[in-house]
Structure formats: C-alpha cells, structure tokens
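**Q** Dropping in protein.txt, which is compact mmCIF, C-alpha atoms:
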# COMPACT_ATOMS: atom_id res chain seq x y z
CA MET A 1 38.34 -9.68 8.73
CA SER A 2 38.63 -13.44 8.59
CA THR A 3 39.58 -14.93 5.21
CA GLN A 4 37.16 -17.76 5.82
CA VAL A 5 34.31 -15.32 6.45
CA LEU A 6 35.19 -13.39 3.30
CA GLU A 7 35.07 -16.58 1.25
CA HIS A 8 31.68 -17.48 2.70
CA VAL A 9 30.36 -14.01 1.86
CA ARG A 10 31.73 -14.25 -1.70
CA THR A 11 29.98 -17.58 -2.16
CA LEU A 12 26.68 -16.30 -0.82
CA ALA A 13 26.92 -13.13 -2.88
CA ALA A 14 27.62 -15.08 -6.07
CA ASP A 15 24.61 -17.26 -5.38
CA VAL A 16 22.26 -14.36 -4.60
CA LEU A 17 23.50 -12.11 -7.41
CA GLY A 18 23.57 -14.92 -9.95
CA VAL A 19 27.18 -14.36 -11.00
CA ARG A 20 30.35 -16.47 -10.97
CA ARG A 21 32.25 -16.42 -7.72
CA SER A 22 35.31 -15.24 -9.62
CA GLU A 23 33.47 -12.03 -10.49
CA ILE A 24 33.22 -11.08 -6.83
CA ASP A 25 36.10 -9.92 -4.73
CA VAL A 26 36.70 -7.92 -1.58
CA ASN A 27 36.29 -4.63 -3.49
CA SER A 28 33.08 -5.50 -5.30
CA THR A 29 30.33 -2.88 -4.87
CA PRO A 30 26.79 -2.39 -6.22
CA ARG A 31 28.20 0.06 -8.75
CA GLN A 32 30.21 -2.68 -10.37
CA LEU A 33 27.65 -5.46 -10.46
CA ASP A 34 24.44 -4.82 -12.39
CA ASN A 35 22.51 -7.45 -10.47
CA TRP A 36 23.27 -5.85 -7.12
CA ASP A 37 20.24 -3.67 -6.55
CA SER A 38 18.16 -2.96 -3.43
CA ILE A 39 16.23 -6.20 -3.76
CA SER A 40 19.23 -8.46 -4.19
CA HIS A 41 20.91 -6.55 -1.36
CA VAL A 42 18.04 -7.56 0.93
CA SER A 43 18.37 -11.16 -0.19
CA LEU A 44 22.12 -11.09 0.48
CA VAL A 45 21.77 -9.62 3.96
CA LEU A 46 19.03 -12.07 4.91
CA ALA A 47 21.02 -15.01 3.54
CA ILE A 48 24.01 -14.00 5.68
CA GLU A 49 21.84 -13.48 8.76
CA GLU A 50 20.22 -16.87 8.37
CA GLN A 51 23.40 -18.77 7.59
CA PHE A 52 25.36 -17.27 10.48
CA GLY A 53 22.54 -16.68 12.97
CA VAL A 54 23.19 -12.95 13.28
CA ALA A 55 21.01 -9.84 12.97
CA PHE A 56 22.37 -6.61 11.50
CA THR A 57 21.20 -3.24 12.75
CA PRO A 58 20.06 -0.56 10.27
CA GLU A 59 23.35 1.26 10.96
CA GLU A 60 25.38 -1.83 10.04
CA ILE A 61 23.37 -2.33 6.86
CA THR A 62 24.10 1.29 5.94
CA ASP A 63 27.79 0.45 6.16
CA MET A 64 27.59 -2.49 3.74
CA GLU A 65 29.10 -0.71 0.77
CA SER A 66 31.24 -3.57 -0.51
CA ILE A 67 31.79 -7.29 -0.15
CA GLY A 68 34.83 -6.60 1.97
CA ARG A 69 32.90 -4.32 4.31
CA ILE A 70 30.12 -6.91 4.64
CA ALA A 71 32.72 -9.52 5.56
CA GLU A 72 34.28 -7.17 8.14
CA LEU A 73 30.93 -6.46 9.76
CA LEU A 74 30.11 -10.14 9.86
CA SER A 75 33.54 -11.08 11.30
CA ARG A 76 33.10 -8.47 14.03
CA LYS A 77 29.67 -9.82 14.92
CA LEU A 78 30.88 -13.41 15.05
CA ASN A 79 33.90 -12.47 17.15
CA ASN A 80 31.70 -10.59 19.59
CA GLY A 81 29.41 -13.59 19.85
CA ASN A 82 26.45 -11.61 18.43
CA SER A 83 24.54 -14.63 17.22
CA HIS A 84 20.83 -15.27 17.96
CA MET B 1 28.69 5.38 4.18
CA GLU B 2 27.43 7.55 6.98
CA ILE B 3 23.67 7.84 7.04
CA ARG B 4 21.54 9.00 9.94
CA ILE B 5 17.77 8.82 10.08
CA GLU B 6 15.94 11.73 11.66
CA PRO B 7 12.38 13.03 11.80
CA TYR B 8 11.72 15.61 9.09
CA ALA B 9 12.09 19.12 10.57
CA ARG B 10 12.06 22.66 9.18
CA GLU B 11 15.85 22.73 8.93
CA HIS B 12 15.66 19.99 6.28
CA VAL B 13 13.37 21.81 3.83
CA ARG B 14 16.16 22.88 1.44
CA ALA B 15 17.61 19.37 1.33
CA VAL B 16 14.12 17.91 0.79
CA ARG B 17 13.57 20.19 -2.20
CA ALA B 18 16.89 19.03 -3.68
CA PHE B 19 15.93 15.39 -3.05
CA ASN B 20 12.57 15.89 -4.78
CA GLU B 21 14.38 17.45 -7.72
CA ARG B 22 16.77 14.51 -8.06
CA LEU B 23 13.91 12.01 -7.82
CA GLN B 24 12.16 13.76 -10.65
CA THR B 25 15.11 14.44 -12.94
CA ARG B 26 17.17 11.32 -12.37
CA ALA B 27 14.45 8.74 -11.74
CA GLY B 28 11.46 10.29 -13.48
CA SER B 29 9.59 9.70 -10.26
CA ALA B 30 6.29 11.42 -9.59
CA PHE B 31 6.72 10.81 -5.86
CA ARG B 32 7.83 13.68 -3.71
CA LEU B 33 8.11 14.65 -0.09
CA GLY B 34 6.01 17.52 1.19
CA GLU B 35 7.85 20.82 1.31
CA SER B 36 7.11 21.26 4.96
CA PRO B 37 7.17 18.74 7.79
CA GLU B 38 3.57 19.60 8.68
CA GLU B 39 2.19 19.01 5.20
CA SER B 40 1.63 15.31 5.71
CA ALA B 41 0.36 15.23 9.30
CA PRO B 42 -0.65 12.89 10.93
CA LEU B 43 1.92 10.99 8.88
CA ARG B 44 5.35 11.42 10.45
CA GLU B 45 8.14 11.55 7.90
CA TYR B 46 11.70 10.42 8.49
CA LEU B 47 14.71 11.37 6.41
CA ALA B 48 17.93 9.47 5.68
CA LEU B 49 20.64 12.15 5.75
CA ASP B 50 24.23 11.77 4.62
CA LYS B 51 27.24 13.39 6.25
CA ALA B 52 26.67 16.64 4.33
CA GLY B 53 23.04 16.81 5.42
CA GLU B 54 21.65 15.86 2.02
CA VAL B 55 18.51 13.71 1.92
CA ARG B 56 19.15 10.33 0.31
CA GLY B 57 15.96 8.59 1.34
CA SER B 58 12.80 8.87 3.40
CA PHE B 59 9.72 7.09 4.67
CA GLY B 60 6.51 8.02 6.41
CA LEU B 61 4.96 6.36 9.44
CA LYS B 62 1.34 6.73 10.52
CA ARG B 63 0.57 5.12 13.87
CA GLN B 64 -2.99 3.84 14.14
CA GLN B 65 -5.13 1.85 16.52
CA PHE B 66 -6.25 -1.37 14.91
CA TRP B 67 -8.47 -4.22 15.92
CA ILE B 68 -6.56 -7.48 15.45
CA SER B 69 -7.99 -10.88 16.28
CA GLY B 70 -10.09 -9.62 19.14
CA ARG B 71 -7.87 -6.95 20.67
CA GLN B 72 -6.87 -3.35 20.12
CA LEU B 73 -3.23 -2.69 19.26
CA GLU B 74 -1.20 0.10 17.76
CA ILE B 75 0.25 -0.72 14.36
CA GLY B 76 2.09 1.43 11.86
CA ASN B 77 1.35 2.23 8.25
CA CYS B 78 4.63 2.70 6.45
CA GLN B 79 4.13 5.02 3.51
CA LEU B 80 6.23 6.04 0.56
CA PRO B 81 9.68 4.68 1.37
CA LEU B 82 11.92 6.49 -1.12
CA SER B 83 15.60 5.91 -1.75
CA GLU B 84 18.17 7.27 -4.15
CA GLY B 85 19.06 3.62 -4.62
CA ILE B 86 16.46 3.64 -7.40
CA PHE B 87 18.86 5.58 -9.60
CA ASP B 88 22.24 5.48 -7.80
CA PRO B 89 23.70 2.06 -6.90
CA THR B 90 25.75 3.75 -4.15
CA TYR B 91 22.54 3.70 -2.14
CA ALA B 92 21.42 0.17 -3.03
CA ASN B 93 21.29 -0.75 0.65
CA LEU B 94 19.21 2.24 1.70
CA GLY B 95 15.78 0.70 1.00
CA MET B 96 16.43 -2.07 3.48
CA VAL B 97 17.93 0.39 5.97
CA LEU B 98 14.80 2.56 5.85
CA LEU B 99 12.45 -0.38 6.34
CA ARG B 100 14.55 -1.91 9.10
CA HIS B 101 14.61 1.46 10.86
CA ALA B 102 10.83 1.76 10.49
CA LEU B 103 10.53 -1.65 12.13
CA THR B 104 12.52 -0.42 15.13
CA LEU B 105 9.95 2.36 15.57
CA GLN B 106 7.01 -0.04 15.29
CA PRO B 107 7.56 -3.74 14.50
CA ARG B 108 3.91 -4.24 13.51
CA LEU B 109 3.91 -2.48 10.15
CA PHE B 110 1.88 -2.61 6.99
CA CYS B 111 2.16 -1.09 3.54
CA LEU B 112 -0.87 -0.77 1.30
CA GLY B 113 -1.48 -0.15 -2.37
CA MET B 114 1.86 -0.07 -4.15
CA GLY B 115 0.58 -0.49 -7.69
CA GLY B 116 1.20 -4.18 -8.23
CA ARG B 117 3.46 -7.04 -7.21
CA ASP B 118 5.89 -6.26 -10.03
CA LYS B 119 6.73 -2.86 -8.56
CA ARG B 120 9.95 -2.28 -6.65
CA LEU B 121 8.51 -1.85 -3.15
CA PRO B 122 6.42 -5.06 -3.09
CA ARG B 123 9.43 -6.95 -4.45
CA LEU B 124 11.61 -5.46 -1.71
CA LEU B 125 9.06 -6.36 0.96
CA THR B 126 8.78 -9.90 -0.38
CA ALA B 127 12.56 -10.20 -0.16
CA MET B 128 12.31 -9.00 3.46
CA ARG B 129 9.87 -11.84 4.20
CA TRP B 130 6.78 -9.67 4.58
CA THR B 131 3.42 -11.29 3.84
CA LEU B 132 1.68 -9.90 0.75
CA ILE B 133 -2.03 -10.25 0.05
CA ASP B 134 -3.91 -8.92 -2.99
CA ILE B 135 -7.02 -6.96 -1.96
CA PRO B 136 -9.73 -7.87 -4.51
CA PHE B 137 -10.89 -5.21 -6.97
CA ARG B 138 -14.41 -5.15 -8.38
CA PHE B 139 -16.19 -2.76 -10.71
CA ARG B 140 -19.69 -2.12 -12.02
CA VAL B 141 -20.13 -0.30 -15.32
CA CYS B 142 -22.99 2.17 -15.41
CA HIS B 143 -22.46 3.64 -18.88
CA ALA B 144 -21.06 1.03 -21.23
CA THR B 145 -20.32 3.33 -24.18
CA ARG B 146 -18.34 5.81 -22.12
CA PHE B 147 -16.61 2.93 -20.37
CA MET B 148 -15.49 1.37 -23.66
CA ARG B 149 -14.27 4.71 -24.97
CA ASN B 150 -12.30 5.64 -21.84
CA ILE B 151 -11.02 2.61 -19.93
CA VAL B 152 -7.28 2.91 -20.49
CA PRO B 153 -6.06 -0.67 -19.79
CA LEU B 154 -8.33 -1.98 -22.56
CA ARG B 155 -7.23 0.70 -25.04
CA GLN B 156 -3.45 0.37 -24.98
CA THR B 157 -2.87 -0.18 -28.70
CA PRO B 158 -4.42 1.40 -31.84
CA GLN B 159 -6.04 -1.95 -32.70
CA ARG B 160 -7.61 -2.26 -29.26
CA ARG B 161 -8.86 1.31 -29.38
CA LEU B 162 -10.52 0.62 -32.72
CA LEU B 163 -12.09 -2.53 -31.37
CA MET B 164 -13.40 -0.88 -28.21
CA ASP B 165 -14.79 2.05 -30.19
CA ALA B 166 -16.52 -0.36 -32.56
CA ILE B 167 -18.03 -2.34 -29.70
CA ALA B 168 -19.17 0.89 -28.08
CA ALA B 169 -20.79 2.13 -31.28
CA SER B 170 -22.54 -1.16 -31.99
CA GLY B 171 -24.22 -1.46 -28.63
CA ALA B 172 -22.76 -4.91 -28.15
CA GLY B 173 -20.77 -3.69 -25.15
CA TRP B 174 -23.92 -2.50 -23.41
CA LEU B 175 -25.66 -5.81 -24.06
CA ALA B 176 -22.74 -7.87 -22.79
CA LEU B 177 -22.27 -5.80 -19.63
CA HIS B 178 -25.99 -5.75 -18.92
CA ALA B 179 -26.04 -9.55 -19.20
CA LEU B 180 -23.00 -9.95 -16.95
CA GLN B 181 -23.94 -7.39 -14.31
CA GLY B 182 -27.72 -7.54 -14.14
CA ARG B 183 -29.91 -5.07 -12.31
CA LEU B 184 -29.28 -4.11 -8.72
CA PRO B 185 -31.44 -6.15 -6.35
CA ILE B 186 -34.12 -4.31 -4.42
CA THR B 187 -34.37 -4.38 -0.65
CA ARG B 188 -37.53 -3.17 1.00
CA SER B 189 -37.74 -1.22 4.22
CA VAL B 190 -34.33 0.35 4.09
CA ASP B 191 -33.61 3.97 4.92
CA VAL B 192 -30.61 5.68 3.41
CA GLU B 193 -29.59 9.04 4.82
CA GLU B 194 -26.75 11.25 3.70
CA VAL B 195 -24.92 12.49 6.79
CA ASN B 196 -22.32 15.18 7.39
CA GLU B 197 -20.76 13.50 10.37
CA PHE B 198 -20.44 10.25 12.25
CA GLY B 199 -22.10 10.11 15.64
CA GLU B 200 -22.71 7.69 18.46
CA TRP B 201 -24.57 5.48 16.06
CA ALA B 202 -21.22 4.77 14.33
CA ASP B 203 -19.62 3.84 17.67
CA ASP B 204 -22.50 1.45 18.44
CA LEU B 205 -22.18 -0.13 15.03
CA TRP B 206 -18.43 -0.55 15.44
CA LYS B 207 -18.95 -2.41 18.74
CA ARG B 208 -21.42 -4.73 17.06
CA CYS B 209 -19.21 -5.44 14.05
CA ALA B 210 -15.69 -5.68 15.46
CA ASP B 211 -15.73 -9.32 16.47
CA ASP B 212 -16.45 -10.41 12.89
CA LEU B 213 -13.21 -8.78 11.71
CA SER B 214 -9.71 -10.23 12.00
CA LEU B 215 -7.96 -6.96 11.11
CA SER B 216 -9.49 -3.51 10.92
CA LEU B 217 -8.78 0.09 11.64
CA ILE B 218 -10.76 1.02 14.75
CA ARG B 219 -13.71 2.54 12.95
CA THR B 220 -15.21 4.73 15.66
CA SER B 221 -16.94 8.05 15.02
CA GLU B 222 -13.86 10.00 16.07
CA VAL B 223 -11.59 8.17 13.65
CA LEU B 224 -14.10 8.32 10.79
CA SER B 225 -14.77 12.01 11.32
CA GLY B 226 -11.04 12.64 11.04
CA LEU B 227 -10.68 10.58 7.86
CA TYR B 228 -13.82 11.50 5.94
CA ALA B 229 -14.65 15.11 6.70
CA GLY B 230 -15.46 17.59 3.98
CA PRO B 231 -17.36 17.85 0.72
CA ARG B 232 -15.21 15.36 -1.21
CA TYR B 233 -16.88 12.47 0.54
CA LEU B 234 -20.46 11.24 0.38
CA ARG B 235 -21.34 9.64 3.73
CA LEU B 236 -24.41 7.39 3.89
CA LYS B 237 -26.05 5.93 6.97
CA ILE B 238 -28.21 2.86 6.29
CA SER B 239 -30.97 1.77 8.67
CA GLN B 240 -33.57 -0.93 8.73
CA GLY B 241 -36.51 -0.88 11.11
CA GLY B 242 -35.07 2.17 12.80
CA VAL B 243 -31.77 0.43 13.55
CA VAL B 244 -28.50 1.52 11.96
CA VAL B 245 -27.14 -1.50 10.11
CA GLY B 246 -24.29 0.07 8.17
CA TRP B 247 -22.57 3.08 6.70
CA VAL B 248 -20.62 3.71 3.55
CA VAL B 249 -18.27 6.45 2.38
CA LEU B 250 -18.09 7.18 -1.33
CA ARG B 251 -16.22 9.46 -3.65
CA ASP B 252 -17.73 10.70 -6.91
CA THR B 253 -14.94 12.04 -9.12
CA GLN B 254 -14.86 13.28 -12.68
CA MET B 255 -11.51 11.97 -13.85
CA GLN B 256 -9.33 13.87 -16.29
CA ASP B 257 -6.81 11.84 -18.29
CA HIS B 258 -6.56 9.38 -15.42
CA ARG B 259 -4.00 6.65 -16.09
CA TYR B 260 -6.64 3.95 -15.69
CA PHE B 261 -10.03 5.68 -16.02
CA GLY B 262 -9.41 8.30 -18.67
CA ASN B 263 -12.22 10.85 -18.48
CA LEU B 264 -14.80 8.64 -16.78
CA ARG B 265 -16.87 9.81 -13.86
CA VAL B 266 -15.95 7.23 -11.22
CA ALA B 267 -17.64 6.47 -7.91
CA THR B 268 -15.46 4.68 -5.37
CA ILE B 269 -16.78 2.79 -2.40
CA VAL B 270 -13.96 4.10 -0.23
CA ASP B 271 -14.94 2.60 3.11
CA ALA B 272 -17.88 0.86 4.70
CA LEU B 273 -18.98 -1.08 7.73
CA ALA B 274 -22.12 -3.13 8.26
CA LEU B 275 -23.61 -5.95 10.23
CA PRO B 276 -22.88 -9.15 8.29
CA ALA B 277 -26.54 -9.67 7.40
CA ALA B 278 -26.79 -6.11 6.04
CA ILE B 279 -23.67 -5.97 3.86
CA HIS B 280 -25.56 -6.81 0.65
CA THR B 281 -28.10 -4.10 1.41
CA VAL B 282 -25.40 -1.52 2.05
CA VAL B 283 -23.63 -2.32 -1.23
CA GLN B 284 -26.93 -2.25 -3.15
CA GLU B 285 -28.05 1.07 -1.73
CA ALA B 286 -24.65 2.72 -2.15
CA SER B 287 -24.57 1.59 -5.78
CA ARG B 288 -28.11 2.77 -6.40
CA ILE B 289 -27.38 6.22 -4.99
CA VAL B 290 -24.32 6.80 -7.18
CA GLU B 291 -25.95 5.34 -10.29
CA LYS B 292 -28.64 8.01 -9.89
CA ARG B 293 -25.83 10.58 -9.90
CA SER B 294 -24.90 9.44 -13.42
CA VAL B 295 -21.49 8.07 -12.70
CA ASP B 296 -19.97 5.94 -15.45
CA LEU B 297 -18.31 3.36 -13.23
CA ILE B 298 -18.37 2.21 -9.60
CA ILE B 299 -15.26 0.60 -8.14
CA SER B 300 -14.15 -0.88 -4.85
CA ASN B 301 -11.30 -2.79 -3.28
CA GLN B 302 -12.42 -4.89 -0.35
CA GLY B 303 -10.47 -7.44 1.67
CA HIS B 304 -13.33 -9.05 3.63
CA GLU B 305 -14.94 -11.96 1.82
CA LEU B 306 -18.49 -10.92 2.76
CA TRP B 307 -17.95 -7.54 1.10
CA VAL B 308 -16.39 -9.15 -1.97
CA ARG B 309 -19.34 -11.53 -2.18
CA ALA B 310 -21.82 -8.68 -1.82
CA LEU B 311 -20.12 -6.76 -4.61
CA ARG B 312 -20.25 -9.86 -6.80
CA ASP B 313 -23.93 -10.40 -6.07
CA CYS B 314 -24.63 -6.78 -6.97
CA GLY B 315 -23.12 -7.30 -10.41
CA PHE B 316 -19.65 -5.99 -9.73
CA LEU B 317 -17.19 -7.74 -12.02
CA PRO B 318 -13.71 -8.85 -10.91
CA GLY B 319 -10.76 -6.89 -12.21
CA PRO B 320 -6.98 -7.18 -11.77
CA SER B 321 -5.94 -5.79 -8.40
CA ASN B 322 -2.83 -3.71 -7.95
CA TYR B 323 -3.86 -2.96 -4.37
CA ILE B 324 -1.69 -5.03 -2.09
CA LEU B 325 -1.58 -5.38 1.67
CA ALA B 326 1.94 -6.12 2.89
CA MET B 327 2.42 -7.05 6.56
CA SER B 328 5.66 -7.17 8.48
CA PRO B 329 6.51 -10.53 10.10
CA ALA B 330 5.51 -9.21 13.55
CA LEU B 331 2.09 -8.16 12.25
CA ALA B 332 1.50 -11.27 10.16
CA THR B 333 2.25 -13.45 13.18
CA LEU B 334 -0.82 -12.01 14.93
CA LEU B 335 -2.98 -13.34 12.10
CA GLU B 336 -1.77 -16.92 12.13
CA PRO B 337 -2.99 -19.16 10.75
CA LEU B 338 -3.50 -16.74 7.85
CA ALA B 339 -5.80 -19.16 6.02
CA THR B 340 -8.29 -18.71 8.87
CA HIS B 341 -8.05 -14.95 9.20
CA GLN B 342 -7.45 -13.76 5.64
CA SER B 343 -11.13 -13.85 4.69
CA ARG B 344 -12.00 -11.35 7.43
CA LEU B 345 -9.40 -8.65 6.77
CA HIS B 346 -11.41 -5.45 6.62
CA ILE B 347 -9.15 -3.45 4.33
CA ASN B 348 -10.32 -1.07 1.65
CA ARG B 349 -9.45 2.17 -0.11
CA GLY B 350 -9.89 4.26 3.00
CA ASP B 351 -6.96 2.55 4.64
CA GLY B 352 -3.30 3.43 4.22
CA ASP B 353 -2.89 6.79 2.56
CA GLY B 354 -6.54 6.87 1.48
CA PRO B 355 -8.13 7.21 -1.96
CA LEU B 356 -5.52 9.68 -3.20
CA ASP B 357 -6.04 9.49 -6.95
CA LEU B 358 -9.71 8.57 -6.83
Take the structure I supplied and represent it as structure tokens, if you would.

**A**
Amino acid sequence: MSTQVLEHVRTLAADVLGVRRSEIDVNSTPRQLDNWDSISHVSLVLAIEEQFGVAFTPEEITDMESIGRIAELLSRKLNNGNSH
Amino acid sequence: MEIRIEPYAREHVRAVRAFNERLQTRAGSAFRLGESPEESAPLREYLALDKAGEVRGSFGLKRQQFWISGRQLEIGNCQLPLSEGIFDPTYANLGMVLLRHALTLQPRLFCLGMGGRDKRLPRLLTAMRWTLIDIPFRFRVCHATRFMRNIVPLRQTPQRRLLMDAIAASGAGWLALHALQGRLPITRSVDVEEVNEFGEWADDLWKRCADDLSLSLIRTSEVLSGLYAGPRYLRLKISQGGVVVGWVVLRDTQMQDHRYFGNLRVATIVDALALPAAIHTVVQEASRIVEKRSVDLIISNQGHELWVRALRDCGFLPGPSNYILAMSPALATLLEPLATHQSRLHINRGDGDGPLDL
C-alpha cells in the first residue's frame, strides 16, 4: 500500500464522512465512526472511483472493511493500471 | 470479509430463517425473505453468504420485457435489497455490494415504491447516481365522514383527531370535498364489461398504445393474465362504438388498521391502458363502477401525464407520493433527455412488486 494513496483515501474519507482527517487512520472501520453507514460508504467508493478513474468490483467492495484495506485495494488497482 | 452471492436454494432455508429472525429482532424490520426459494417466483432471490454460510443480505431480481422509447428490451426490477448493515456496521458496505452485483446480472435495473425519498434504499440509490422520479398519487373521497375518521396521516395527534372528528360530524368535510372533487363527468355511448381474462383485444390495444409510451411493461394479454388473475382483481374492458378503447384493473379492499387508510374500504386503480383520447373515459367509468360498490376512497399512482390529468379532471385530488421510480444509470440513459420522456412513463401500482398492501 502506497503512503500517498493512503493519505488521499484519508482525505476523501474525512470529506465524505464529515469528520476531521485526524480522526481517520489506517485502522478506521465503520464500527468506529458513526457517520460511516451504507450511504456514506457508497459516497466514499464513488468519490475514490471518480478521483482515480477506477471501478471496483462487488467482490472488492466487499473487502473494504477499513480505510487501510480500501487504500490497499486502490493501490493494487493503480499499480495494475486498472483505470478507465 | 468474505461474502459470496448465490441464488437462493433449498440448502439455504435454515440460514434464511435465521436472517429473518435477526432482521426482526435486531432491526425491527417487517421485511423478510420467503421460507422457500419458490415462494417468490417469478422473482429470483439472491443471498449474500458469509464464510460460515450465514445469510447477511439479499435481493430479488425480476426480469421483464419492457417497451422503452420505441423498442422492446429486457430490464430488471430489483426488489427488497436487504442487508445486515442496517443494524451491524460490520456490513456497512453490503448494500452497495448487493446493488452492484445486481447490476452485473442486468445493468438496466429499476426499483419501485420504497416508501419515500427519506427511506434508506432511495438514499442509497441516490448516492449510487440512480435517477429517482416521484410517481404522482391522486385520490378521490367517496365517503367524507368515514374518510375523516380513518385517514391516518391526518389523525396523527390527539388534537388532529379531535379536529377531524369534529369536521366529520359537522358535515363541513363533505361540503368541502364535494366542492373540490365535483361529480364524475358522464360519457355517452360507452360499454363497460367486467372480464375474467385478457384476450386478443388486449394485444390489439397494446399495439395501438405502445408508441405513445416512453417506458412501459409490455402489456400483452399473456403478461396481464399472469399478473392479474384471480378474484382479488376487478378487470374492466371499456369499448366505444364496438371498439375496445381501454382496460383497467382495480382492487377493492376493506382495510383493517392499515398504516395509512385505517379501516377504510379502498379501491385502487392498479393498472390501466387506453388510447390517449379514451383515457378520461376509462378513469371516469372505473371510478363510477367502484363508487357504486360503496368504497370510501379511490386511489391511484400514475406516471403518465395523460393519466394524471384524467384523474385530476375526474376530481381526484393530489396527495403526497411515497411511490418512487428509481432507474439505474444504464436504464436512465435510454430515456435521455428525461425532460422529454418523463411525461410518458407508464408506471403504476401494478408494476414492481404489485399492489401488495392494497
């Protein structure tokens, strides 16, 4: 996982979830953040897809259990050149 | 998190029962999956299963042939997406997973109903960039006193209940509604026949009507016979000068403690089709027939502007609609520009999962 990608994801997540960036770290999960529900999760995924020009499969979305995991999935996609 | 999505099969029945139990006890949800895969046919249900084989979410998909902007295409009605994410944040991503998976099965999807834009599913679909359209709701009161005493949304507080009861007792409610609604217009030379089935006449009518519709279920006799068989439906064929000009399907239901209609006897114009010039006549005659049956209230949701206008002209009043059409991006694209096509969406209560609680 790229540190730069993680920082981008933290910034996007803070914006979508309406929290301070300092409240989000690599281990943040929906259980810890009240604002992270199914609707804000959609907004976060779409924001990442649009910003980075990628498309996540349902299986990848299933795997997005934490900020760190989202950043890993995104890094993998960018490294594999999976942009559209 | 390991989740796999599979069609509902007999081996899943135990896990489905446990899922239904959790939905009820942990989320207070009235929604439940059928306790056999066959229960919901022709709806095909899909389950989101975790590593242990427990059900954590589900959705239903009904594939239908639709008429869209001049051509016939298969689209999918996505029904009842359920996720444990509604009570367990561990599964917060599951709603999107289910809908994205449904889109892989059929990209042209719609959801219908949903109870209002403030509900979770419409909000989720909005976030996923689906197009949402309110399908207008109209009603005609037949018995003002019973309406005032039973219509739940107007009787939510003790003060409102007192007020409505007072208006009902005074007769002022009847006067006001009579002034607003007026009498049903009269059309001469119209024949209304109650039918038990849809025949070739329905196929002919469909061919004559289709081009005026931007989006419609293919309303042939075969499809209609499958949807509206049995004694729960009142099927009317309307003719003028010996020519079939329209049909309408109604339900006449005595409600019991209904969340909106209390104990009113409610007639619903569930579905209908007519030549544009005959739509007013069809609405008039359908309303006249059910008024004679002593219903308290007639209701309808209609998407097509000619049907909305006909309801208005027959004294149906506008009400708040919680009946929403949501279209996936791939489906909405076929109706661009929406401003041109929206007025001819032929969507009503017969679509989607049908008039379940009516």

**Q** Please write as number ranges by chain the list of polymer residues whose atoms come within 12 Å of (27.0, -16.1, -1.7), counting all atoms listed in the file and keeping to the coordinates of the file.

**A** A: 5-25, 40-41, 43-49, 51, 67, 70-71

**Q** Using only C-alpha atoms, please write the residues we just selected to a file, as a tab-separated table (two decimals), in the coordinates of the input.

**A**
chain	number	residue	atom	x	y	z
A	5	VAL	CA	34.31	-15.32	6.45
A	6	LEU	CA	35.19	-13.39	3.30
A	7	GLU	CA	35.07	-16.58	1.25
A	8	HIS	CA	31.68	-17.48	2.70
A	9	VAL	CA	30.36	-14.01	1.86
A	10	ARG	CA	31.73	-14.25	-1.70
A	11	THR	CA	29.98	-17.58	-2.16
A	12	LEU	CA	26.68	-16.30	-0.82
A	13	ALA	CA	26.92	-13.13	-2.88
A	14	ALA	CA	27.62	-15.08	-6.07
A	15	ASP	CA	24.61	-17.26	-5.38
A	16	VAL	CA	22.26	-14.36	-4.60
A	17	LEU	CA	23.50	-12.11	-7.41
A	18	GLY	CA	23.57	-14.92	-9.95
A	19	VAL	CA	27.18	-14.36	-11.00
A	20	ARG	CA	30.35	-16.47	-10.97
A	21	ARG	CA	32.25	-16.42	-7.72
A	22	SER	CA	35.31	-15.24	-9.62
A	23	GLU	CA	33.47	-12.03	-10.49
A	24	ILE	CA	33.22	-11.08	-6.83
A	25	ASP	CA	36.10	-9.92	-4.73
A	40	SER	CA	19.23	-8.46	-4.19
A	41	HIS	CA	20.91	-6.55	-1.36
A	43	SER	CA	18.37	-11.16	-0.19
A	44	LEU	CA	22.12	-11.09	0.48
A	45	VAL	CA	21.77	-9.62	3.96
A	46	LEU	CA	19.03	-12.07	4.91
A	47	ALA	CA	21.02	-15.01	3.54
A	48	ILE	CA	24.01	-14.00	5.68
A	49	GLU	CA	21.84	-13.48	8.76
A	51	GLN	CA	23.40	-18.77	7.59
A	67	ILE	CA	31.79	-7.29	-0.15
A	70	ILE	CA	30.12	-6.91	4.64
A	71	ALA	CA	32.72	-9.52	5.56

**Q** Nearest residue to Gly315 of chain B out of B:Gln65, B:Gln106, B:Gln181, B:Thr220, using all atoms listed in the file?

**A** B:Gln181

**Q** So the first atom is atom CA of Asp191 of chain B and the second is atom CA of Lys237 of chain B; what is the distance between them in Å, to one decimal place?

**A**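 Atom CA of Lys237 of chain B lies 8.1 Å from atom CA of Asp191 of chain B.
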
**Q** Using Å and a single decimal, report how far atom CA of Gly113 of chain B sits from atom CA of Ser225 of chain B.

**A**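 That distance, rounded to one decimal, is 22.6 Å.
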
**Q** Can you tell me, as a list in words, what residues are no more than 8 Å from Leu264 of chain B when counting only C-alpha atoms, ignoring any on the same chain fewer than 2 positions away?

**A** Arg146, Phe147, Asn150, Ile151, Gln254, Met255, Gln256, Phe261, Gly262, Val266, Val295, Asp296 and Leu297 of chain B

**Q** Taking into account all atoms listed in the file, which residue in the set B:Arg232, B:Asn263, B:Met148, B:Gly116 is nearest to Ala172 of chain B?

**A** B:Met148

**Q** At what distance in Å, to one decimal, does atom CA of Leu112 of chain B lie from atom CA of Gly60 of chain B?

**A** 12.6 Å

**Q** Skip Leu33 of chain B itself and residues of its chain fewer than 4 positions away, then list as a list in words all residues within 9 Å of it, counting only C-alpha atoms.

**A**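 Once the nearby chain positions are removed, what remains is Val16, Arg17, Phe19, Asn20, Pro37, Ser40, Glu45, Ser58 and Leu80 of chain B.
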
**Q** For Leu74 of chain A, which residue among A:Asn35, A:Ser28, A:Met1, A:Glu50 is the nearest when counting all atoms listed in the file?

**A**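 Result for the nearest residue to Leu74 of chain A: A:Met1.
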
**Q** Tell me which of B:Trp247, B:Tyr260, B:Phe110, B:Trp67 sits closest to His280 of chain B, counting all atoms listed in the file.

**A**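 Closest to His280 of chain B of all the choices is B:Trp247.
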
**Q** In the coordinate frame of the file, compute which residues have an atom within 12 Å of (-19.4, 2.3, 18.2) when using all atoms listed in the file, and state them as a list in words.

**A**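 Protein and nucleic acid residues near the point are Phe198, Gly199, Glu200, Trp201, Ala202, Asp203, Asp204, Leu205, Trp206, Lys207, Arg208, Cys209, Ala210, Ile218, Arg219, Thr220, Ser221, Glu222, Val223, Leu224, Val244, Val245, Gly246, Trp247, Leu273 and Ala274 of chain B.
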